[in-house]
Amino acid sequence: METSVTLERALALASTLNIPRQTETTPISQLNGRILAHPLSSKVDDPAFDNSAMDGWAVRAEDCREETTLEVIGTSRAGGKEPPKVSTGQACRIMTGAPMPGGADAIVMVEDSAEEGNHVKILGPARPGYIRKQGENLQEGQEILPAGTLIGPAETSLIATMGHHQAETISRPVIAVISTGDELVQPGTDLSPGQIYESNSYGIASLVEKMGAMAKRYDVVHDNIEGLRKTLDDAANSCDAILTSGGVSMGEWDLVRRLMEEEGEPLFWKVLIRPGGPPLCGSWKGTPLFGLPGNPVSSYVVFISLVAPWLAGCMGSDHELGPRLADRVRVRLTEDIKGAPKKICMRRIRIEAGEDGLVATTHTHQGSGNIHSMVAHNGLTILPPDTDGKADQIIEALWIR
Ligand code: AMP
Ligand code: MG
């Protein structure tokens, strides 16, 4: 087992652990948030036929070089029957999205016309640019979405436009989320002296779900080896990976670390980041396991910086930091921020748009036990080891969504 590794080394070691990737056919109504397993090509041209971008008149441009009056020969409406052909001196009423009648090569907007009985006076320009050409957006057979695409609302709409009612996606892995600690009790019950509410499993399960995987939350495991072993065995049998929280520090009751060292296959323990120093990673009976620190901010930060990129890779996502969790940005500091000796320092910052770029401010107490700091802020500094941030300096940061 390696100890006190850099984040880069931790990610490299973690990438040797894998979740076997499976795919499944997913109906379009359930594609939002899923990852595309194979590239998708369009089944059709988009637009499927030349049509009008405006309500108005389909005309022959050469008839409309100057003010003129044209004979109205019919109507083209979206979903209507085939419109009549337009000959010299004629116009066909046309609605947005309706097919261009044969013979017409331009559109006059309704605002640039005056209807008089079965004639129309043309008062403005006839514009070829108001015709949406067949295939100008997508062509039949063209590969549009690559494998690994995270499907969101726009992608879902595009997939329907391409004529697909379903798509092959990466199956959502099931991730066990296990909290450990004798002091933890369920929110909604009364606290006895020395007890606190268990919060990590809810936050971590939400992060797992936000990544597009499925979380299986376990009841709190108390600090005894037999109970922990039993729960890990169950998780290894029924889940694709295991996330624990708590019990990975140096203390006598840090049983996740002890059990992994004695009976598991640990890869590394401790990563040179702050907060979140003591994570442990390896596998339990062949199932990847990340032992996250118990402090709520630490477990969150370790999830974002270590688990999310690993899980995104396992799921074949094309997004480096894991779908929808965070973006790497550059921000201007408004105050001095202390770095950490030998460790990447991830202080909580609030990122906002300033006059010339993003600016970062700090608000609450930064302690790794203060989960409110993750709510009062929306970002993390990425200060390199042994480096303080100075007011007005531009630094790298993670913008958490
Ligand atoms: P540990 O690593 O188990 O020593 O935990 C470090 C700190 O995090 C302690 O103050 C714990 O009470 C707290 N902690 C551990 N697990 C949780 C949890 N699931 N929810 C909230 N706080 C926790
Ligand atoms: Mg504990």
# chains A, B, ... in the order shown; residues from 1 in each chain; ligands from 1

$ residues_around --residues "Leu267 of chain A" --least-positions-apart "4" --cutoff "9 Å" --atoms "only C-alpha atoms" --output "mmCIF file with C-alpha atoms, in the first residue's frame"
data_model
loop_
_atom_site.group_PDB
_atom_site.id
_atom_site.type_symbol
_atom_site.label_atom_id
_atom_site.label_comp_id
_atom_site.auth_asym_id
_atom_site.auth_seq_id
_atom_site.Cartn_x
_atom_site.Cartn_y
_atom_site.Cartn_z
ATOM 1 C CA MET A 1 0.000 0.000 0.000
ATOM 2 C CA GLU A 2 1.374 3.431 -0.934
ATOM 3 C CA THR A 3 0.877 6.269 1.527
ATOM 4 C CA ALA A 10 -3.996 8.607 -6.495
ATOM 5 C CA LEU A 13 -3.710 4.046 -8.931
ATOM 6 C CA ALA A 14 -7.499 4.306 -8.735
ATOM 7 C CA LEU A 280 -8.104 5.105 1.448
ATOM 8 C CA CYS A 281 -8.562 3.261 -1.814
ATOM 9 C CA GLY A 282 -8.379 -0.345 -2.857
ATOM 10 C CA SER A 283 -10.765 -3.237 -3.201
#

$ residues_near_ligand --ligand "ligand 2" --cutoff "9 Å" --atoms "only C-alpha atoms and all ligand atoms" --output "NGL selection string"
:A and (179-184 or 222-223 or 245-249 or 251 or 253-255 or 293-294)

$ write_last_selection --atoms "all heavy atoms" --output "short mmCIF file (atom, residue, chain, number, x, y, z; two decimals), in the first residue's frame"
data_model
loop_
_atom_site.label_atom_id
_atom_site.label_comp_id
_atom_site.auth_asym_id
_atom_site.auth_seq_id
_atom_site.Cartn_x
_atom_site.Cartn_y
_atom_site.Cartn_z
N SER A 179 -21.91 4.75 5.94
CA SER A 179 -21.33 5.62 6.97
C SER A 179 -20.94 4.78 8.17
O SER A 179 -21.63 3.83 8.52
CB SER A 179 -22.35 6.66 7.43
OG SER A 179 -22.37 7.72 6.53
N THR A 180 -19.82 5.16 8.80
CA THR A 180 -19.40 4.43 9.99
C THR A 180 -19.20 5.39 11.16
O THR A 180 -18.73 6.51 10.96
CB THR A 180 -18.05 3.70 9.75
OG1 THR A 180 -17.02 4.69 9.59
CG2 THR A 180 -18.10 2.83 8.52
N GLY A 181 -19.56 4.96 12.35
CA GLY A 181 -19.29 5.76 13.54
C GLY A 181 -20.33 5.53 14.63
O GLY A 181 -21.54 5.56 14.35
N ASP A 182 -19.88 5.30 15.86
CA ASP A 182 -20.78 5.07 16.99
C ASP A 182 -21.57 6.32 17.36
O ASP A 182 -22.61 6.22 18.01
CB ASP A 182 -19.96 4.62 18.22
CG ASP A 182 -19.61 3.14 18.14
OD1 ASP A 182 -20.25 2.43 17.34
OD2 ASP A 182 -18.71 2.70 18.89
N GLU A 183 -21.07 7.49 16.96
CA GLU A 183 -21.72 8.74 17.38
C GLU A 183 -22.88 9.14 16.46
O GLU A 183 -23.59 10.10 16.73
CB GLU A 183 -20.67 9.88 17.40
CG GLU A 183 -20.20 10.41 16.05
CD GLU A 183 -19.15 9.54 15.33
OE1 GLU A 183 -19.14 8.31 15.55
OE2 GLU A 183 -18.39 10.08 14.51
N LEU A 184 -23.07 8.41 15.36
CA LEU A 184 -24.01 8.86 14.33
C LEU A 184 -25.42 8.35 14.56
O LEU A 184 -25.63 7.16 14.80
CB LEU A 184 -23.53 8.37 12.96
CG LEU A 184 -22.09 8.75 12.59
CD1 LEU A 184 -21.69 8.10 11.26
CD2 LEU A 184 -21.93 10.27 12.52
N HIS A 222 -21.85 0.64 13.01
CA HIS A 222 -21.17 1.07 14.23
C HIS A 222 -19.73 0.60 14.23
O HIS A 222 -19.32 -0.21 13.39
CB HIS A 222 -21.97 0.64 15.46
CG HIS A 222 -23.26 1.40 15.53
ND1 HIS A 222 -23.29 2.76 15.80
CD2 HIS A 222 -24.54 1.05 15.27
CE1 HIS A 222 -24.53 3.18 15.74
NE2 HIS A 222 -25.32 2.17 15.41
N ASP A 223 -18.98 1.15 15.16
CA ASP A 223 -17.55 0.89 15.15
C ASP A 223 -17.23 -0.49 15.73
O ASP A 223 -16.67 -0.61 16.81
CB ASP A 223 -16.82 2.00 15.92
CG ASP A 223 -16.85 3.32 15.17
OD1 ASP A 223 -16.81 3.29 13.91
OD2 ASP A 223 -16.94 4.38 15.80
N SER A 245 -17.65 6.22 4.63
CA SER A 245 -17.17 7.48 5.20
C SER A 245 -16.86 7.27 6.67
O SER A 245 -17.54 6.52 7.37
CB SER A 245 -18.18 8.61 5.00
OG SER A 245 -19.11 8.65 6.04
N GLY A 246 -15.77 7.90 7.09
CA GLY A 246 -15.31 7.78 8.48
C GLY A 246 -14.39 6.58 8.64
O GLY A 246 -14.28 5.71 7.77
N GLY A 247 -13.69 6.58 9.76
CA GLY A 247 -12.91 5.40 10.12
C GLY A 247 -11.67 5.15 9.29
O GLY A 247 -11.23 4.01 9.17
N VAL A 248 -11.09 6.20 8.70
CA VAL A 248 -9.87 5.97 7.90
C VAL A 248 -8.67 6.76 8.44
O VAL A 248 -7.63 6.80 7.79
CB VAL A 248 -10.07 6.30 6.40
CG1 VAL A 248 -10.94 5.26 5.75
CG2 VAL A 248 -10.63 7.70 6.21
N SER A 249 -8.82 7.38 9.62
CA SER A 249 -7.69 8.16 10.15
C SER A 249 -6.78 7.26 10.97
O SER A 249 -6.78 6.04 10.82
CB SER A 249 -8.20 9.33 10.97
OG SER A 249 -9.00 10.15 10.16
N GLY A 251 -6.89 6.90 14.30
CA GLY A 251 -7.43 6.55 15.61
C GLY A 251 -7.61 5.05 15.80
O GLY A 251 -7.66 4.27 14.85
N TRP A 253 -10.25 3.66 16.68
CA TRP A 253 -11.55 3.20 16.18
C TRP A 253 -11.70 3.40 14.68
O TRP A 253 -12.80 3.29 14.17
CB TRP A 253 -12.66 3.92 16.95
CG TRP A 253 -12.62 3.60 18.40
CD1 TRP A 253 -12.18 4.42 19.40
CD2 TRP A 253 -12.96 2.35 19.00
NE1 TRP A 253 -12.22 3.75 20.59
CE2 TRP A 253 -12.70 2.47 20.38
CE3 TRP A 253 -13.44 1.13 18.51
CZ2 TRP A 253 -12.92 1.44 21.27
CZ3 TRP A 253 -13.66 0.10 19.41
CH2 TRP A 253 -13.40 0.26 20.77
N ASP A 254 -10.62 3.66 14.01
CA ASP A 254 -10.71 3.84 12.57
C ASP A 254 -10.63 2.48 11.88
O ASP A 254 -9.60 2.04 11.37
CB ASP A 254 -9.63 4.83 12.10
CG ASP A 254 -9.99 6.26 12.51
OD1 ASP A 254 -11.20 6.55 12.51
OD2 ASP A 254 -9.10 7.05 12.83
N LEU A 255 -11.80 1.82 11.90
CA LEU A 255 -11.83 0.39 11.58
C LEU A 255 -11.85 0.10 10.08
O LEU A 255 -11.47 -0.99 9.67
CB LEU A 255 -13.05 -0.26 12.24
CG LEU A 255 -13.08 -0.14 13.76
CD1 LEU A 255 -14.32 -0.84 14.32
CD2 LEU A 255 -11.82 -0.72 14.38
N PRO A 293 -12.96 10.26 4.13
CA PRO A 293 -12.83 10.74 5.50
C PRO A 293 -14.22 11.03 6.09
O PRO A 293 -15.18 11.24 5.35
CB PRO A 293 -12.03 12.03 5.36
CG PRO A 293 -11.50 12.05 3.97
CD PRO A 293 -12.39 11.19 3.14
N GLY A 294 -14.29 11.07 7.41
CA GLY A 294 -15.58 11.29 8.06
C GLY A 294 -16.01 12.74 8.07
O GLY A 294 -17.21 13.05 7.98
#

$ residues_around --residues "Gly369 of chain A" --least-positions-apart "4" --cutoff "10 Å" --atoms "only C-alpha atoms" --output "list of chain:residue names"
A:Pro275, A:Gly294, A:Asn295, A:Pro296, A:Val297, A:Ser298, A:Ser299, A:His365, A:Ser373

$ closest_residue --among "A:Ala147, A:Ala236, A:Val110, A:Met346" --to "Gly367 of chain A" --atoms "only C-alpha atoms"
A:Met346

$ select_by_dssp --residues "segment 261-363 of chain A" --states "alpha helix (DSSP H)" --output "ChimeraX atom specification"
/A:261-263,296-302,308-314

$ closest_residue --among "A:Ile159, A:Val271, A:Leu292, A:Ile175" --to "ligand 1" --atoms "only C-alpha atoms and all ligand atoms"
A:Leu292

$ closest_atom_pairs --of "segment 224-324 of chain A" --to "segment 380-385 of chain A" --cutoff "10 Å" --atoms "only C-alpha atoms" --output "CSV"
residue,atom,partner,partner_atom,distance
A:Leu272,CA,A:Pro385,CA,8.4
A:Ile273,CA,A:Pro385,CA,8.5
A:Arg274,CA,A:Pro385,CA,9.7
A:Val301,CA,A:Leu380,CA,8.6

$ select_by_dssp --residues "segment 147-230 of chain A" --states "strand (DSSP E)" --output "list in words"
Gln166, Ala167, Glu168, Thr169, Ile170, Val174, Ile175, Ala176, Val177, Ile178, Ser179, Leu184, Val185, Ile196, Tyr197, Met214, Ala215, Lys216 and Arg217 of chain A

$ write_last_selection --atoms "C-alpha atoms" --output "compact mmCIF listing (two decimals), in the first residue's frame"
# COMPACT_ATOMS: atom_id res chain seq x y z
CA GLN A 166 -34.27 4.90 -27.92
CA ALA A 167 -30.50 4.74 -27.56
CA GLU A 168 -27.85 2.40 -26.22
CA THR A 169 -26.49 3.80 -22.95
CA ILE A 170 -23.98 2.80 -20.29
CA VAL A 174 -24.74 0.68 -8.30
CA ILE A 175 -22.58 2.29 -5.63
CA ALA A 176 -22.82 1.31 -1.97
CA VAL A 177 -22.73 4.28 0.42
CA ILE A 178 -21.83 3.31 3.98
CA SER A 179 -21.33 5.62 6.97
CA LEU A 184 -24.01 8.86 14.33
CA VAL A 185 -27.80 8.86 14.56
CA ILE A 196 -24.47 13.87 16.03
CA TYR A 197 -26.74 13.49 13.04
CA MET A 214 -27.25 4.62 -8.56
CA ALA A 215 -26.64 4.90 -4.82
CA LYS A 216 -27.47 2.10 -2.37
CA ARG A 217 -27.46 3.73 1.06

$ closest_residue --among "A:Asp388, A:Glu8, A:Glu116, A:Asp327" --to "Ala340 of chain A" --atoms "only C-alpha atoms"
A:Asp388

$ residues_around --residues "Thr387 of chain A" --least-positions-apart "6" --cutoff "10 Å" --atoms "only C-alpha atoms" --output "ChimeraX atom specification"
/A:337-345

$ decode --residues "segment 325-336 of chain A" --atoms "N, CA, C and O atoms" --output "PDB file, in the first residue's frame"
ATOM      1  N   LEU A 325     -20.705  17.904 -12.103  1.00  0.00           N
ATOM      2  CA  LEU A 325     -20.322  18.214 -10.733  1.00  0.00           C
ATOM      3  C   LEU A 325     -19.524  19.508 -10.631  1.00  0.00           C
ATOM      4  O   LEU A 325     -19.741  20.303  -9.737  1.00  0.00           O
ATOM      5  N   ALA A 326     -18.560  19.686 -11.502  1.00  0.00           N
ATOM      6  CA  ALA A 326     -17.675  20.844 -11.358  1.00  0.00           C
ATOM      7  C   ALA A 326     -17.007  21.173 -12.690  1.00  0.00           C
ATOM      8  O   ALA A 326     -16.879  20.314 -13.553  1.00  0.00           O
ATOM      9  N   ASP A 327     -16.601  22.428 -12.824  1.00  0.00           N
ATOM     10  CA  ASP A 327     -15.832  22.866 -13.994  1.00  0.00           C
ATOM     11  C   ASP A 327     -14.570  23.543 -13.526  1.00  0.00           C
ATOM     12  O   ASP A 327     -14.567  24.249 -12.522  1.00  0.00           O
ATOM     13  N   ARG A 328     -13.503  23.332 -14.278  1.00  0.00           N
ATOM     14  CA  ARG A 328     -12.235  23.978 -13.953  1.00  0.00           C
ATOM     15  C   ARG A 328     -12.261  25.399 -14.539  1.00  0.00           C
ATOM     16  O   ARG A 328     -12.539  25.558 -15.725  1.00  0.00           O
ATOM     17  N   VAL A 329     -12.035  26.399 -13.699  1.00  0.00           N
ATOM     18  CA  VAL A 329     -12.085  27.792 -14.167  1.00  0.00           C
ATOM     19  C   VAL A 329     -10.903  28.566 -13.577  1.00  0.00           C
ATOM     20  O   VAL A 329     -10.195  28.057 -12.707  1.00  0.00           O
ATOM     21  N   ARG A 330     -10.711  29.793 -14.060  1.00  0.00           N
ATOM     22  CA  ARG A 330      -9.703  30.680 -13.465  1.00  0.00           C
ATOM     23  C   ARG A 330     -10.424  31.842 -12.803  1.00  0.00           C
ATOM     24  O   ARG A 330     -11.349  32.419 -13.381  1.00  0.00           O
ATOM     25  N   VAL A 331     -10.048  32.133 -11.571  1.00  0.00           N
ATOM     26  CA  VAL A 331     -10.734  33.179 -10.798  1.00  0.00           C
ATOM     27  C   VAL A 331      -9.715  34.159 -10.228  1.00  0.00           C
ATOM     28  O   VAL A 331      -8.561  33.807  -9.981  1.00  0.00           O
ATOM     29  N   ARG A 332     -10.160  35.406 -10.014  1.00  0.00           N
ATOM     30  CA  ARG A 332      -9.308  36.410  -9.371  1.00  0.00           C
ATOM     31  C   ARG A 332      -9.628  36.440  -7.876  1.00  0.00           C
ATOM     32  O   ARG A 332     -10.792  36.602  -7.485  1.00  0.00           O
ATOM     33  N   LEU A 333      -8.616  36.253  -7.040  1.00  0.00           N
ATOM     34  CA  LEU A 333      -8.831  36.291  -5.592  1.00  0.00           C
ATOM     35  C   LEU A 333      -9.049  37.730  -5.147  1.00  0.00           C
ATOM     36  O   LEU A 333      -8.430  38.654  -5.680  1.00  0.00           O
ATOM     37  N   THR A 334      -9.947  37.922  -4.166  1.00  0.00           N
ATOM     38  CA  THR A 334     -10.160  39.269  -3.632  1.00  0.00           C
ATOM     39  C   THR A 334      -9.454  39.426  -2.290  1.00  0.00           C
ATOM     40  O   THR A 334      -9.510  40.481  -1.682  1.00  0.00           O
ATOM     41  N   GLU A 335      -8.847  38.343  -1.810  1.00  0.00           N
ATOM     42  CA  GLU A 335      -8.152  38.400  -0.513  1.00  0.00           C
ATOM     43  C   GLU A 335      -7.025  37.367  -0.536  1.00  0.00           C
ATOM     44  O   GLU A 335      -7.007  36.472  -1.382  1.00  0.00           O
ATOM     45  N   ASP A 336      -6.113  37.483   0.407  1.00  0.00           N
ATOM     46  CA  ASP A 336      -5.055  36.474   0.541  1.00  0.00           C
ATOM     47  C   ASP A 336      -5.686  35.166   1.026  1.00  0.00           C
ATOM     48  O   ASP A 336      -6.544  35.181   1.907  1.00  0.00           O
TER      49      ASP A 336
END
